[in-house]
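S.K.: Below you'll find coords.cif; it's mmCIF, C-alpha atoms and all ligand atoms.
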```cif
data_protein
loop_
_atom_site.group_PDB
_atom_site.id
_atom_site.type_symbol
_atom_site.label_atom_id
_atom_site.label_comp_id
_atom_site.auth_asym_id
_atom_site.auth_seq_id
_atom_site.Cartn_x
_atom_site.Cartn_y
_atom_site.Cartn_z
ATOM 1 C CA MET A 1 116.842 186.698 109.969
ATOM 2 C CA LYS A 2 118.138 188.606 106.962
ATOM 3 C CA LYS A 3 116.577 191.996 106.394
ATOM 4 C CA THR A 4 116.546 194.528 103.646
ATOM 5 C CA ARG A 5 116.845 198.198 104.312
ATOM 6 C CA CYS A 6 117.448 201.149 102.114
ATOM 7 C CA PRO A 7 119.227 203.386 104.628
ATOM 8 C CA ALA A 8 117.986 206.606 103.099
ATOM 9 C CA SER A 9 114.346 205.665 103.342
ATOM 10 C CA ASP A 10 112.720 203.572 106.050
ATOM 11 C CA LEU A 11 113.598 202.992 109.683
ATOM 12 C CA LEU A 12 111.910 199.584 109.668
ATOM 13 C CA GLN A 13 113.785 196.811 107.887
ATOM 14 C CA ARG A 14 111.796 194.542 105.626
ATOM 15 C CA TRP A 15 112.229 190.801 105.956
ATOM 16 C CA GLU A 16 113.866 189.526 102.778
ATOM 17 C CA GLY A 17 111.288 186.714 102.626
ATOM 18 C CA ASN A 18 108.436 189.210 102.209
ATOM 19 C CA PRO A 19 105.617 188.836 101.508
ATOM 20 C CA ALA A 20 105.290 186.332 104.351
ATOM 21 C CA ILE A 21 101.749 185.232 103.480
ATOM 22 C CA THR A 22 100.023 185.515 100.117
ATOM 23 C CA MET A 23 96.921 183.983 98.577
ATOM 24 C CA GLU A 24 99.066 181.065 97.389
ATOM 25 C CA ASP A 25 99.381 179.997 101.035
ATOM 26 C CA ILE A 26 95.631 179.965 101.686
ATOM 27 C CA PRO A 27 94.173 176.432 101.484
ATOM 28 C CA PHE A 28 90.718 177.502 100.295
ATOM 29 C CA ARG A 29 89.355 179.800 97.583
ATOM 30 C CA ALA A 30 89.404 183.454 98.520
ATOM 31 C CA ASN A 31 90.297 186.837 97.055
ATOM 32 C CA THR A 32 93.054 188.329 99.233
ATOM 33 C CA VAL A 33 94.785 187.988 102.597
ATOM 34 C CA PHE A 34 96.010 190.997 104.605
ATOM 35 C CA ASN A 35 96.106 192.726 107.991
ATOM 36 C CA GLY A 36 97.078 189.927 110.389
ATOM 37 C CA ALA A 37 97.266 190.317 114.167
ATOM 38 C CA PRO A 38 100.010 188.352 115.945
ATOM 39 C CA ILE A 39 99.341 186.249 119.053
ATOM 40 C CA VAL A 40 102.290 184.923 121.064
ATOM 41 C CA THR A 41 101.392 181.385 122.198
ATOM 42 C CA GLU A 42 103.272 178.549 123.895
ATOM 43 C CA ASP A 43 103.659 176.982 120.448
ATOM 44 C CA GLY A 44 105.000 180.011 118.605
ATOM 45 C CA VAL A 45 103.561 183.071 116.926
ATOM 46 C CA TYR A 46 100.088 182.752 115.460
ATOM 47 C CA LEU A 47 98.522 185.334 113.182
ATOM 48 C CA LEU A 48 94.815 186.014 113.076
ATOM 49 C CA LEU A 49 94.419 186.893 109.395
ATOM 50 C CA ARG A 50 91.878 188.967 107.595
ATOM 51 C CA ILE A 51 90.855 187.141 104.460
ATOM 52 C CA GLU A 52 88.549 188.663 101.899
ATOM 53 C CA GLY A 53 86.462 186.026 100.177
ATOM 54 C CA GLN A 54 85.622 186.113 96.507
ATOM 55 C CA HIS A 55 82.109 187.175 97.482
ATOM 56 C CA GLY A 56 83.690 190.441 98.693
ATOM 57 C CA TYR A 57 83.359 190.336 102.449
ATOM 58 C CA SER A 58 86.059 189.529 105.003
ATOM 59 C CA PHE A 59 86.483 186.915 107.740
ATOM 60 C CA PHE A 60 89.341 185.544 109.845
ATOM 61 C CA ALA A 61 91.673 182.559 109.507
ATOM 62 C CA LEU A 62 94.562 181.360 111.647
ATOM 63 C CA ALA A 63 98.204 181.068 110.582
ATOM 64 C CA ARG A 64 100.712 179.256 112.792
ATOM 65 C CA SER A 65 104.503 179.499 112.934
ATOM 66 C CA THR A 66 107.333 178.556 115.229
ATOM 67 C CA ASP A 67 109.613 181.402 114.137
ATOM 68 C CA GLY A 68 107.196 184.255 113.480
ATOM 69 C CA LEU A 69 108.180 184.263 109.798
ATOM 70 C CA ASN A 70 107.179 181.016 108.123
ATOM 71 C CA PHE A 71 103.484 180.287 108.528
ATOM 72 C CA SER A 72 101.071 177.510 107.703
ATOM 73 C CA ILE A 73 97.394 178.317 107.508
ATOM 74 C CA ASP A 74 94.563 176.294 109.070
ATOM 75 C CA LYS A 75 92.369 174.546 106.516
ATOM 76 C CA LYS A 76 89.178 176.315 107.581
ATOM 77 C CA PRO A 77 88.426 179.918 108.624
ATOM 78 C CA VAL A 78 88.198 180.425 112.409
ATOM 79 C CA MET A 79 85.707 183.284 112.569
ATOM 80 C CA LEU A 80 82.973 184.158 110.077
ATOM 81 C CA PRO A 81 80.542 187.086 110.141
ATOM 82 C CA ALA A 82 77.629 186.316 112.510
ATOM 83 C CA LYS A 83 74.562 185.011 110.720
ATOM 84 C CA GLU A 84 72.250 185.199 113.735
ATOM 85 C CA GLY A 85 72.051 186.889 117.112
ATOM 86 C CA PRO A 86 72.732 190.515 118.053
ATOM 87 C CA PHE A 87 75.883 190.853 115.902
ATOM 88 C CA ALA A 88 74.367 189.605 112.628
ATOM 89 C CA LEU A 89 72.803 192.911 111.568
ATOM 90 C CA TYR A 90 76.146 194.653 111.986
ATOM 91 C CA GLU A 91 78.313 192.039 110.212
ATOM 92 C CA THR A 92 76.416 191.726 106.926
ATOM 93 C CA LYS A 93 79.448 193.145 105.075
ATOM 94 C CA GLY A 94 82.025 191.165 106.996
ATOM 95 C CA ILE A 95 84.498 191.374 109.846
ATOM 96 C CA GLU A 96 87.809 193.173 109.356
ATOM 97 C CA ASP A 97 91.182 194.137 110.798
ATOM 98 C CA PRO A 98 91.508 192.103 114.017
ATOM 99 C CA ARG A 99 93.795 193.410 116.768
ATOM 100 C CA VAL A 100 94.789 191.143 119.633
ATOM 101 C CA THR A 101 95.617 192.103 123.219
ATOM 102 C CA ILE A 102 96.449 189.789 126.097
ATOM 103 C CA LEU A 103 94.841 191.467 129.083
ATOM 104 C CA GLU A 104 94.643 189.892 132.541
ATOM 105 C CA ASP A 105 95.607 186.531 130.950
ATOM 106 C CA THR A 106 92.727 186.605 128.469
ATOM 107 C CA CYS A 107 93.224 186.811 124.713
ATOM 108 C CA TYR A 108 90.895 189.552 123.426
ATOM 109 C CA VAL A 109 90.259 190.418 119.803
ATOM 110 C CA VAL A 110 88.935 193.817 118.817
ATOM 111 C CA TYR A 111 87.707 193.888 115.237
ATOM 112 C CA THR A 112 85.638 195.983 112.856
ATOM 113 C CA ALA A 113 82.116 194.705 112.300
ATOM 114 C CA VAL A 114 80.891 196.028 108.957
ATOM 115 C CA GLY A 115 77.180 196.254 108.237
ATOM 116 C CA ASN A 116 74.825 198.402 106.199
ATOM 117 C CA ARG A 117 75.028 201.084 108.844
ATOM 118 C CA GLY A 118 78.824 201.380 108.648
ATOM 119 C CA PRO A 119 81.778 200.016 110.614
ATOM 120 C CA ARG A 120 81.453 199.377 114.359
ATOM 121 C CA ILE A 121 84.050 198.168 116.830
ATOM 122 C CA ALA A 122 83.387 194.745 118.320
ATOM 123 C CA LEU A 123 85.037 192.722 121.074
ATOM 124 C CA ALA A 124 85.554 188.948 121.244
ATOM 125 C CA LYS A 125 87.781 186.555 123.168
ATOM 126 C CA THR A 126 89.344 183.147 122.661
ATOM 127 C CA THR A 127 91.049 180.492 124.723
ATOM 128 C CA ASP A 128 92.235 178.202 121.908
ATOM 129 C CA TYR A 129 92.654 180.699 118.981
ATOM 130 C CA VAL A 130 90.209 178.635 116.931
ATOM 131 C CA ASN A 131 86.903 179.375 118.672
ATOM 132 C CA TYR A 132 85.910 183.000 119.273
ATOM 133 C CA GLU A 133 83.249 184.162 121.688
ATOM 134 C CA ARG A 134 81.706 187.521 120.830
ATOM 135 C CA ILE A 135 81.360 189.776 123.882
ATOM 136 C CA ALA A 136 79.852 193.064 122.705
ATOM 137 C CA LEU A 137 79.655 195.714 120.022
ATOM 138 C CA ILE A 138 81.491 198.525 121.729
ATOM 139 C CA SER A 139 80.941 201.516 119.458
ATOM 140 C CA GLU A 140 78.252 202.992 117.296
ATOM 141 C CA PRO A 141 78.766 203.069 113.486
ATOM 142 C CA GLY A 142 81.473 205.314 112.048
ATOM 143 C CA ASN A 143 84.307 203.827 114.074
ATOM 144 C CA LYS A 144 87.298 201.570 113.250
ATOM 145 C CA ASP A 145 90.810 200.722 114.393
ATOM 146 C CA GLY A 146 89.828 199.766 117.933
ATOM 147 C CA LEU A 147 92.384 198.121 120.157
ATOM 148 C CA LEU A 148 92.776 197.468 123.856
ATOM 149 C CA PHE A 149 95.665 198.554 126.055
ATOM 150 C CA PRO A 150 97.385 195.583 127.748
ATOM 151 C CA ARG A 151 96.585 196.802 131.284
ATOM 152 C CA LYS A 152 94.244 199.077 133.172
ATOM 153 C CA ILE A 153 95.136 202.756 133.382
ATOM 154 C CA ARG A 154 94.188 204.616 136.554
ATOM 155 C CA GLY A 155 91.882 201.718 137.490
ATOM 156 C CA ARG A 156 90.010 201.442 134.182
ATOM 157 C CA TYR A 157 90.424 199.466 130.959
ATOM 158 C CA ALA A 158 91.516 201.638 128.070
ATOM 159 C CA ARG A 159 91.204 201.459 124.305
ATOM 160 C CA PHE A 160 92.048 203.405 121.193
ATOM 161 C CA ASP A 161 89.592 203.911 118.403
ATOM 162 C CA ARG A 162 89.125 206.043 115.301
ATOM 163 C CA PRO A 163 85.781 207.799 115.037
ATOM 164 C CA ILE A 164 85.308 209.692 111.777
ATOM 165 C CA GLY A 165 84.436 213.319 112.317
ATOM 166 C CA PHE A 166 84.007 215.532 109.236
ATOM 167 C CA GLY A 167 85.581 212.704 107.188
ATOM 168 C CA LYS A 168 88.994 213.067 108.866
ATOM 169 C CA GLY A 169 89.743 210.325 111.383
ATOM 170 C CA CYS A 170 91.648 210.981 114.606
ATOM 171 C CA ILE A 171 92.899 208.529 117.237
ATOM 172 C CA TRP A 172 90.893 208.701 120.467
ATOM 173 C CA VAL A 173 91.263 206.999 123.844
ATOM 174 C CA SER A 174 88.272 205.813 125.915
ATOM 175 C CA TYR A 175 87.950 204.095 129.282
ATOM 176 C CA SER A 176 85.754 201.355 130.725
ATOM 177 C CA PRO A 177 85.089 199.615 134.046
ATOM 178 C CA ASP A 178 84.105 196.331 132.345
ATOM 179 C CA LEU A 179 85.286 196.370 128.673
ATOM 180 C CA VAL A 180 81.649 196.738 127.522
ATOM 181 C CA ASN A 181 80.630 200.243 128.607
ATOM 182 C CA TRP A 182 82.998 202.944 127.388
ATOM 183 C CA GLY A 183 83.335 206.673 128.033
ATOM 184 C CA GLY A 184 85.678 209.436 129.134
ATOM 185 C CA SER A 185 86.702 209.722 125.462
ATOM 186 C CA GLU A 186 89.491 212.125 124.541
ATOM 187 C CA GLU A 187 91.342 212.878 121.321
ATOM 188 C CA VAL A 188 94.930 211.604 121.216
ATOM 189 C CA ILE A 189 96.248 212.667 117.800
ATOM 190 C CA LYS A 190 94.681 214.218 114.751
ATOM 191 C CA PRO A 191 95.887 214.295 111.138
ATOM 192 C CA HIS A 192 99.053 216.376 110.814
ATOM 193 C CA GLU A 193 98.267 219.129 108.333
ATOM 194 C CA GLY A 194 100.829 219.263 105.520
ATOM 195 C CA PHE A 195 102.535 215.988 106.484
ATOM 196 C CA TRP A 196 102.435 212.325 105.380
ATOM 197 C CA ASP A 197 99.543 211.649 107.782
ATOM 198 C CA GLU A 198 97.439 214.696 106.974
ATOM 199 C CA PHE A 199 94.241 212.907 105.900
ATOM 200 C CA ARG A 200 93.591 210.209 108.519
ATOM 201 C CA VAL A 201 95.312 208.484 111.413
ATOM 202 C CA GLY A 202 94.380 205.272 113.224
ATOM 203 C CA ALA A 203 95.906 203.089 115.923
ATOM 204 C CA SER A 204 97.591 199.986 114.531
ATOM 205 C CA VAL A 205 99.497 198.016 117.162
ATOM 206 C CA THR A 206 98.617 197.152 120.784
ATOM 207 C CA PRO A 207 100.348 199.917 122.789
ATOM 208 C CA ILE A 208 103.810 198.944 124.021
ATOM 209 C CA GLU A 209 104.673 200.071 127.539
ATOM 210 C CA THR A 210 108.153 201.621 127.785
ATOM 211 C CA ASP A 211 109.912 203.594 130.522
ATOM 212 C CA GLU A 212 109.312 206.720 128.444
ATOM 213 C CA GLY A 213 105.586 206.192 127.844
ATOM 214 C CA TRP A 214 103.169 204.153 125.720
ATOM 215 C CA LEU A 215 104.624 203.574 122.270
ATOM 216 C CA GLU A 216 101.842 203.411 119.702
ATOM 217 C CA ILE A 217 102.641 202.406 116.143
ATOM 218 C CA TYR A 218 99.885 203.928 114.004
ATOM 219 C CA HIS A 219 98.935 204.304 110.368
ATOM 220 C CA GLY A 220 98.637 207.646 108.664
ATOM 221 C CA VAL A 221 97.041 208.415 105.338
ATOM 222 C CA LYS A 222 97.833 211.100 102.811
ATOM 223 C CA MET A 223 95.283 211.645 100.037
ATOM 224 C CA THR A 224 96.797 212.245 96.607
ATOM 225 C CA SER A 225 95.394 212.689 93.112
ATOM 226 C CA ALA A 226 96.153 208.966 92.602
ATOM 227 C CA GLY A 227 94.345 207.924 95.794
ATOM 228 C CA PRO A 228 95.431 207.363 99.399
ATOM 229 C CA ILE A 229 98.912 206.344 100.592
ATOM 230 C CA TYR A 230 98.977 204.419 103.895
ATOM 231 C CA ARG A 231 102.211 204.681 105.875
ATOM 232 C CA ILE A 232 103.334 203.668 109.370
ATOM 233 C CA GLY A 233 104.457 206.080 112.096
ATOM 234 C CA ALA A 234 104.821 206.185 115.865
ATOM 235 C CA VAL A 235 103.724 208.287 118.811
ATOM 236 C CA LEU A 236 104.801 208.227 122.454
ATOM 237 C CA LEU A 237 102.087 208.882 125.042
ATOM 238 C CA ASP A 238 101.985 209.559 128.756
ATOM 239 C CA LEU A 239 101.639 206.327 130.765
ATOM 240 C CA ASP A 240 98.902 207.669 133.072
ATOM 241 C CA TYR A 241 97.163 210.037 130.659
ATOM 242 C CA PRO A 242 97.564 208.558 127.147
ATOM 243 C CA SER A 243 95.804 211.544 125.595
ATOM 244 C CA LYS A 244 98.967 213.518 126.436
ATOM 245 C CA VAL A 245 101.384 213.260 123.524
ATOM 246 C CA ILE A 246 105.076 213.215 124.467
ATOM 247 C CA LYS A 247 106.478 212.815 120.935
ATOM 248 C CA ARG A 248 105.173 212.031 117.467
ATOM 249 C CA THR A 249 107.107 211.048 114.368
ATOM 250 C CA SER A 250 107.169 213.773 111.763
ATOM 251 C CA GLN A 251 108.347 211.165 109.222
ATOM 252 C CA PRO A 252 106.924 207.672 108.713
ATOM 253 C CA ILE A 253 108.919 204.630 109.817
ATOM 254 C CA LEU A 254 107.716 202.553 106.852
ATOM 255 C CA SER A 255 106.274 203.671 103.519
ATOM 256 C CA PRO A 256 105.138 201.635 100.508
ATOM 257 C CA ARG A 257 108.159 201.180 98.195
ATOM 258 C CA GLU A 258 108.392 197.513 97.216
ATOM 259 C CA ASP A 259 106.192 196.190 94.414
ATOM 260 C CA TYR A 260 104.199 194.085 96.895
ATOM 261 C CA GLU A 261 103.334 197.276 98.793
ATOM 262 C CA ARG A 262 102.653 199.324 95.666
ATOM 263 C CA ILE A 263 100.607 196.853 93.638
ATOM 264 C CA GLY A 264 97.534 194.977 94.766
ATOM 265 C CA ASP A 265 93.824 195.350 95.343
ATOM 266 C CA ILE A 266 94.552 198.689 97.022
ATOM 267 C CA GLY A 267 98.023 199.931 96.039
ATOM 268 C CA ASN A 268 100.356 201.995 98.216
ATOM 269 C CA VAL A 269 99.334 200.494 101.532
ATOM 270 C CA CYS A 270 101.454 199.507 104.527
ATOM 271 C CA PHE A 271 98.922 198.826 107.309
ATOM 272 C CA ALA A 272 100.219 197.316 110.578
ATOM 273 C CA CYS A 273 97.958 195.235 112.813
ATOM 274 C CA GLY A 274 100.376 194.103 115.510
ATOM 275 C CA ALA A 275 103.930 193.594 116.725
ATOM 276 C CA VAL A 276 105.830 190.983 118.682
ATOM 277 C CA MET A 277 108.711 191.972 120.931
ATOM 278 C CA ALA A 278 111.592 189.542 121.551
ATOM 279 C CA ASP A 279 113.481 189.508 124.864
ATOM 280 C CA ASP A 280 116.387 191.344 123.227
ATOM 281 C CA GLY A 281 114.104 194.231 122.245
ATOM 282 C CA GLU A 282 113.776 193.324 118.575
ATOM 283 C CA MET A 283 110.273 193.921 117.295
ATOM 284 C CA LYS A 284 108.619 192.140 114.413
ATOM 285 C CA ILE A 285 105.896 194.332 112.996
ATOM 286 C CA TYR A 286 103.251 192.573 110.910
ATOM 287 C CA TYR A 287 101.618 194.638 108.214
ATOM 288 C CA GLY A 288 99.231 194.223 105.353
ATOM 289 C CA ALA A 289 100.759 195.245 102.009
ATOM 290 C CA ALA A 290 98.527 196.659 99.264
ATOM 291 C CA ASP A 291 95.569 194.830 100.864
ATOM 292 C CA THR A 292 96.989 191.737 99.122
ATOM 293 C CA SER A 293 99.582 190.099 101.389
ATOM 294 C CA ILE A 294 101.046 190.062 104.888
ATOM 295 C CA CYS A 295 104.610 191.226 105.442
ATOM 296 C CA VAL A 296 107.079 191.510 108.305
ATOM 297 C CA ALA A 297 109.436 194.359 109.153
ATOM 298 C CA THR A 298 111.739 194.695 112.140
ATOM 299 C CA CYS A 299 113.372 197.278 114.325
ATOM 300 C CA THR A 300 114.573 197.386 117.895
ATOM 301 C CA LEU A 301 112.566 199.226 120.495
ATOM 302 C CA ASP A 302 115.640 201.304 121.178
ATOM 303 C CA GLN A 303 115.933 202.322 117.517
ATOM 304 C CA ILE A 304 112.333 203.482 117.442
ATOM 305 C CA LEU A 305 112.717 205.455 120.654
ATOM 306 C CA THR A 306 116.004 207.064 119.616
ATOM 307 C CA GLU A 307 115.793 207.382 115.816
ATOM 308 C CA ALA A 308 112.118 207.640 114.907
ATOM 309 C CA PHE A 309 111.229 210.893 116.648
HETATM 310 C C1 LIG A 401 91.509 200.985 105.994
HETATM 311 C C2 LIG A 401 91.069 199.623 106.491
HETATM 312 C C3 LIG A 401 92.089 198.554 106.197
HETATM 313 C C4 LIG A 401 92.711 198.660 104.834
HETATM 314 C C5 LIG A 401 93.121 200.091 104.541
HETATM 315 C C6 LIG A 401 93.720 200.266 103.165
HETATM 316 O O1 LIG A 401 90.453 201.885 106.047
HETATM 317 O O2 LIG A 401 89.857 199.297 105.909
HETATM 318 O O3 LIG A 401 91.486 197.297 106.307
HETATM 319 O O4 LIG A 401 93.854 197.839 104.803
HETATM 320 O O5 LIG A 401 91.974 200.913 104.684
HETATM 321 O O6 LIG A 401 92.818 199.924 102.153
#
```
Would you write the structure of this file as structure tokens?
M.R.:
Amino acid sequence: MKKTRCPASDLLQRWEGNPAITMEDIPFRANTVFNGAPIVTEDGVYLLLRIEGQHGYSFFALARSTDGLNFSIDKKPVMLPAKEGPFALYETKGIEDPRVTILEDTCYVVYTAVGNRGPRIALAKTTDYVNYERIALISEPGNKDGLLFPRKIRGRYARFDRPIGFGKGCIWVSYSPDLVNWGGSEEVIKPHEGFWDEFRVGASVTPIETDEGWLEIYHGVKMTSAGPIYRIGAVLLDLDYPSKVIKRTSQPILSPREDYERIGDIGNVCFACGAVMADDGEMKIYYGAADTSICVATCTLDQILTEAF
């Protein structure tokens, strides 16, 4: 895979074929495609995509690839906002930003259910990547960026989320005995005053377990007079107590620079939703660019651990 990297700027290297998925690849009418969560399957890497329809609300479609770079998209969406049942009231404005975690051999999807009362975190699962069974709404309104850890921590399931307090979002960790009832919530990181992530932070990628701690690739937002800039950073957390921060990047590892990251429905956005790690330690990070396409950037785990912090 050829990559592009401007050595003076970003640690992550963009794939030269970016953007990997654009609206031209979508086989039905829609507005934009962005924020796709990778799923490693026996048949290759699939991406659960957020598509925004022309009506203005979002839903999910499935993209399939054998190499994690070149995707073909299923002809029909795989998950639409619920029209009936207990989720319907909370999905009237769509479903957004899926994050996938394989946990105890089950493929779980945590997504944002958006209704008139605001965004809530919801949990679903799938066995075939095409049919999704909703399990529960797992937060009250005012919460986004939920994602599950890939294993229990001190005997309980764990998740990140991003409640909004006083308008500034922080990353929190919560625990559960059954994935439905959550508590023990603690703040993990807050916006870093005066830095690139001073307005909001949110978890982006399913935490990666390393010898040094949980590596979490997150998004940080800086508010400017021209609007927000979404960048990607990293934080290393204690394996047993993930609210304990070991290290946090003071500089982002990827910032919007290319036209496809600068220009779109929402410009200046690099928003990761997942990563895939190869056996040799190379990571492919999938990110939405300008809320208008899906892109891929790479880095080795070693590079992140040694150069990012
Ligand atoms: C966040 C989420 C993402 C989106 C990003 C940039 O709040 O809603 O879906 O990509 O804003 O617009």
S.K.: Each residue of chain A lying at most 7 Å from ligand LIG 401 (chain A) should get a row with its shortest atom-to-atom pair and the distance in Å to one decimal, counting only C-alpha atoms and all ligand atoms; could you produce that, ordered by chain and increasing number, as a tab-separated table?
M.R.:
```
residue	atom	partner	partner_atom	distance
A:Asn35	CA	A:LIG401	O4	6.4
A:Glu96	CA	A:LIG401	O3	6.3
A:Asp97	CA	A:LIG401	O3	5.5
A:Tyr230	CA	A:LIG401	C6	6.7
A:Ile266	CA	A:LIG401	O6	5.6
A:Val269	CA	A:LIG401	C6	5.9
A:Phe271	CA	A:LIG401	O4	5.7
A:Gly288	CA	A:LIG401	O4	6.5
A:Asp291	CA	A:LIG401	O4	5.2
```
S.K.: Draw an axis-aligned box over all listed atoms of range 162-177 of chain A, pad each side with 4 Å, and write its centre and edge lengths in Å, one decimal, as JSON.
M.R.:
```
{"center_x": 88.5, "center_y": 207.6, "center_z": 120.6, "size_x": 16.9, "size_y": 23.9, "size_z": 34.9}
```
S.K.: Counting only C-alpha atoms, figure out which residue out of A:Leu137, A:Ser293, A:Gly183, A:Leu236 gets nearest to Ile263 in chain A.
M.R.: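 So, comparing all the options, the nearest one is A:Ser293.
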S.K.: Could you jot down the CA of Val40 in chain A to CA of Leu301 in chain A separation for me, Å, one decimal place?
M.R.: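 Computed distance, CA of Val40 in chain A to CA of Leu301 in chain A, equals 17.6 Å.
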S.K.: Calculated over only C-alpha atoms, which of the candidates A:Gln54, A:Ser255, A:Asn116, A:Thr292 has the smallest distance to Glu91 in chain A?
M.R.: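 Checking each of A:Gln54, A:Ser255, A:Asn116, A:Thr292 against Glu91 in chain A, counting only C-alpha atoms, the winner is A:Asn116.
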S.K.: Taking the file as shown, what set of residues would the PyMOL selection byres (((chain A and resi 118-132) around 7) and not hetatm) give back, as a PyMOL selection string?
M.R.: chain A and resi 78-79+107-117+133-144+146
S.K.: Keeping only C-alpha atoms, write the selected residues as an mmCIF file, keeping the file's coordinate frame.
M.R.:
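Writing the result to selection26.cif gives the following:
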```cif
data_model
loop_
_atom_site.group_PDB
_atom_site.id
_atom_site.type_symbol
_atom_site.label_atom_id
_atom_site.label_comp_id
_atom_site.auth_asym_id
_atom_site.auth_seq_id
_atom_site.Cartn_x
_atom_site.Cartn_y
_atom_site.Cartn_z
ATOM 1 C CA VAL A 78 88.198 180.425 112.409
ATOM 2 C CA MET A 79 85.707 183.284 112.569
ATOM 3 C CA CYS A 107 93.224 186.811 124.713
ATOM 4 C CA TYR A 108 90.895 189.552 123.426
ATOM 5 C CA VAL A 109 90.259 190.418 119.803
ATOM 6 C CA VAL A 110 88.935 193.817 118.817
ATOM 7 C CA TYR A 111 87.707 193.888 115.237
ATOM 8 C CA THR A 112 85.638 195.983 112.856
ATOM 9 C CA ALA A 113 82.116 194.705 112.300
ATOM 10 C CA VAL A 114 80.891 196.028 108.957
ATOM 11 C CA GLY A 115 77.180 196.254 108.237
ATOM 12 C CA ASN A 116 74.825 198.402 106.199
ATOM 13 C CA ARG A 117 75.028 201.084 108.844
ATOM 14 C CA GLU A 133 83.249 184.162 121.688
ATOM 15 C CA ARG A 134 81.706 187.521 120.830
ATOM 16 C CA ILE A 135 81.360 189.776 123.882
ATOM 17 C CA ALA A 136 79.852 193.064 122.705
ATOM 18 C CA LEU A 137 79.655 195.714 120.022
ATOM 19 C CA ILE A 138 81.491 198.525 121.729
ATOM 20 C CA SER A 139 80.941 201.516 119.458
ATOM 21 C CA GLU A 140 78.252 202.992 117.296
ATOM 22 C CA PRO A 141 78.766 203.069 113.486
ATOM 23 C CA GLY A 142 81.473 205.314 112.048
ATOM 24 C CA ASN A 143 84.307 203.827 114.074
ATOM 25 C CA LYS A 144 87.298 201.570 113.250
ATOM 26 C CA GLY A 146 89.828 199.766 117.933
#
```
S.K.: Translate the PyMOL selection byres (((chain A and resi 160) around 7) and not hetatm), as applied to the file shown, into an explicit residue set as a list in words.
M.R.: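 Output of the PyMOL selection byres (((chain A and resi 160) around 7) and not hetatm): Gly146, Leu147, Leu148, Arg159, Asp161, Ile171, Trp172, Val173, Ser174 and Ala203 of chain A.
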S.K.: With the cut-off set at 12 Å and counting only C-alpha atoms, tabulate each residue of range 50-132 of chain A with an atom at most that distance from an atom of range 207-213 of chain A, showing the nearest atom pair and its distance in Å to one decimal, ordered by chain and increasing number, as a tab-separated table.
M.R.:
```
residue	atom	partner	partner_atom	distance
A:Arg99	CA	A:Pro207	CA	11.0
A:Val100	CA	A:Pro207	CA	10.9
A:Thr101	CA	A:Pro207	CA	9.1
A:Ile102	CA	A:Pro207	CA	11.3
A:Leu103	CA	A:Pro207	CA	11.9
```
S.K.: From the options A:Tyr46, A:Tyr157, A:Phe199, A:Phe166, which residue's atoms come nearest to Gly68 in chain A, counting all atoms listed in the file?
M.R.: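 Using all atoms listed in the file, Gly68 in chain A sits closest to A:Tyr46.
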S.K.: Which residue is closest to Ala290 in chain A? Choose from A:Phe71, A:Phe34, A:Trp214, A:Tyr90 and count all atoms listed in the file.
M.R.: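 Nearest candidate to Ala290 in chain A out of A:Phe71, A:Phe34, A:Trp214, A:Tyr90: A:Phe34.
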S.K.: Any idea what the distance is between CA of Leu11 in chain A and CA of Leu237 in chain A?
M.R.: 20.1 Å
S.K.: Would you mind reading off the distance between CA of Ile229 in chain A and CA of Gly94 in chain A, one decimal, in Å?
M.R.: 23.6 Å
S.K.: Go through A:Lys190, A:Lys284, A:Lys222, A:Lys244 one by one, measure the shortest atom-to-atom distance of each to Arg14 in chain A using all atoms listed in the file, and give the residue with the smallest value.
M.R.: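 Nearest candidate to Arg14 in chain A out of A:Lys190, A:Lys284, A:Lys222, A:Lys244: A:Lys284.
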S.K.: Out of A:Asp145, A:Thr106, A:Ala226, A:Leu47, which residue has the shortest atom-to-atom distance to Thr66 in chain A when counting all atoms listed in the file?
M.R.: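 Checking each of A:Asp145, A:Thr106, A:Ala226, A:Leu47 against Thr66 in chain A, counting all atoms listed in the file, the winner is A:Leu47.
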S.K.: Quick one: residues within 9 Å of Pro27 in chain A, only C-alpha atoms counted, chain neighbours fewer than 5 positions away excluded, as a list in words?
M.R.: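 The neighbour list is Ile73, Asp74, Lys75 and Lys76 of chain A.
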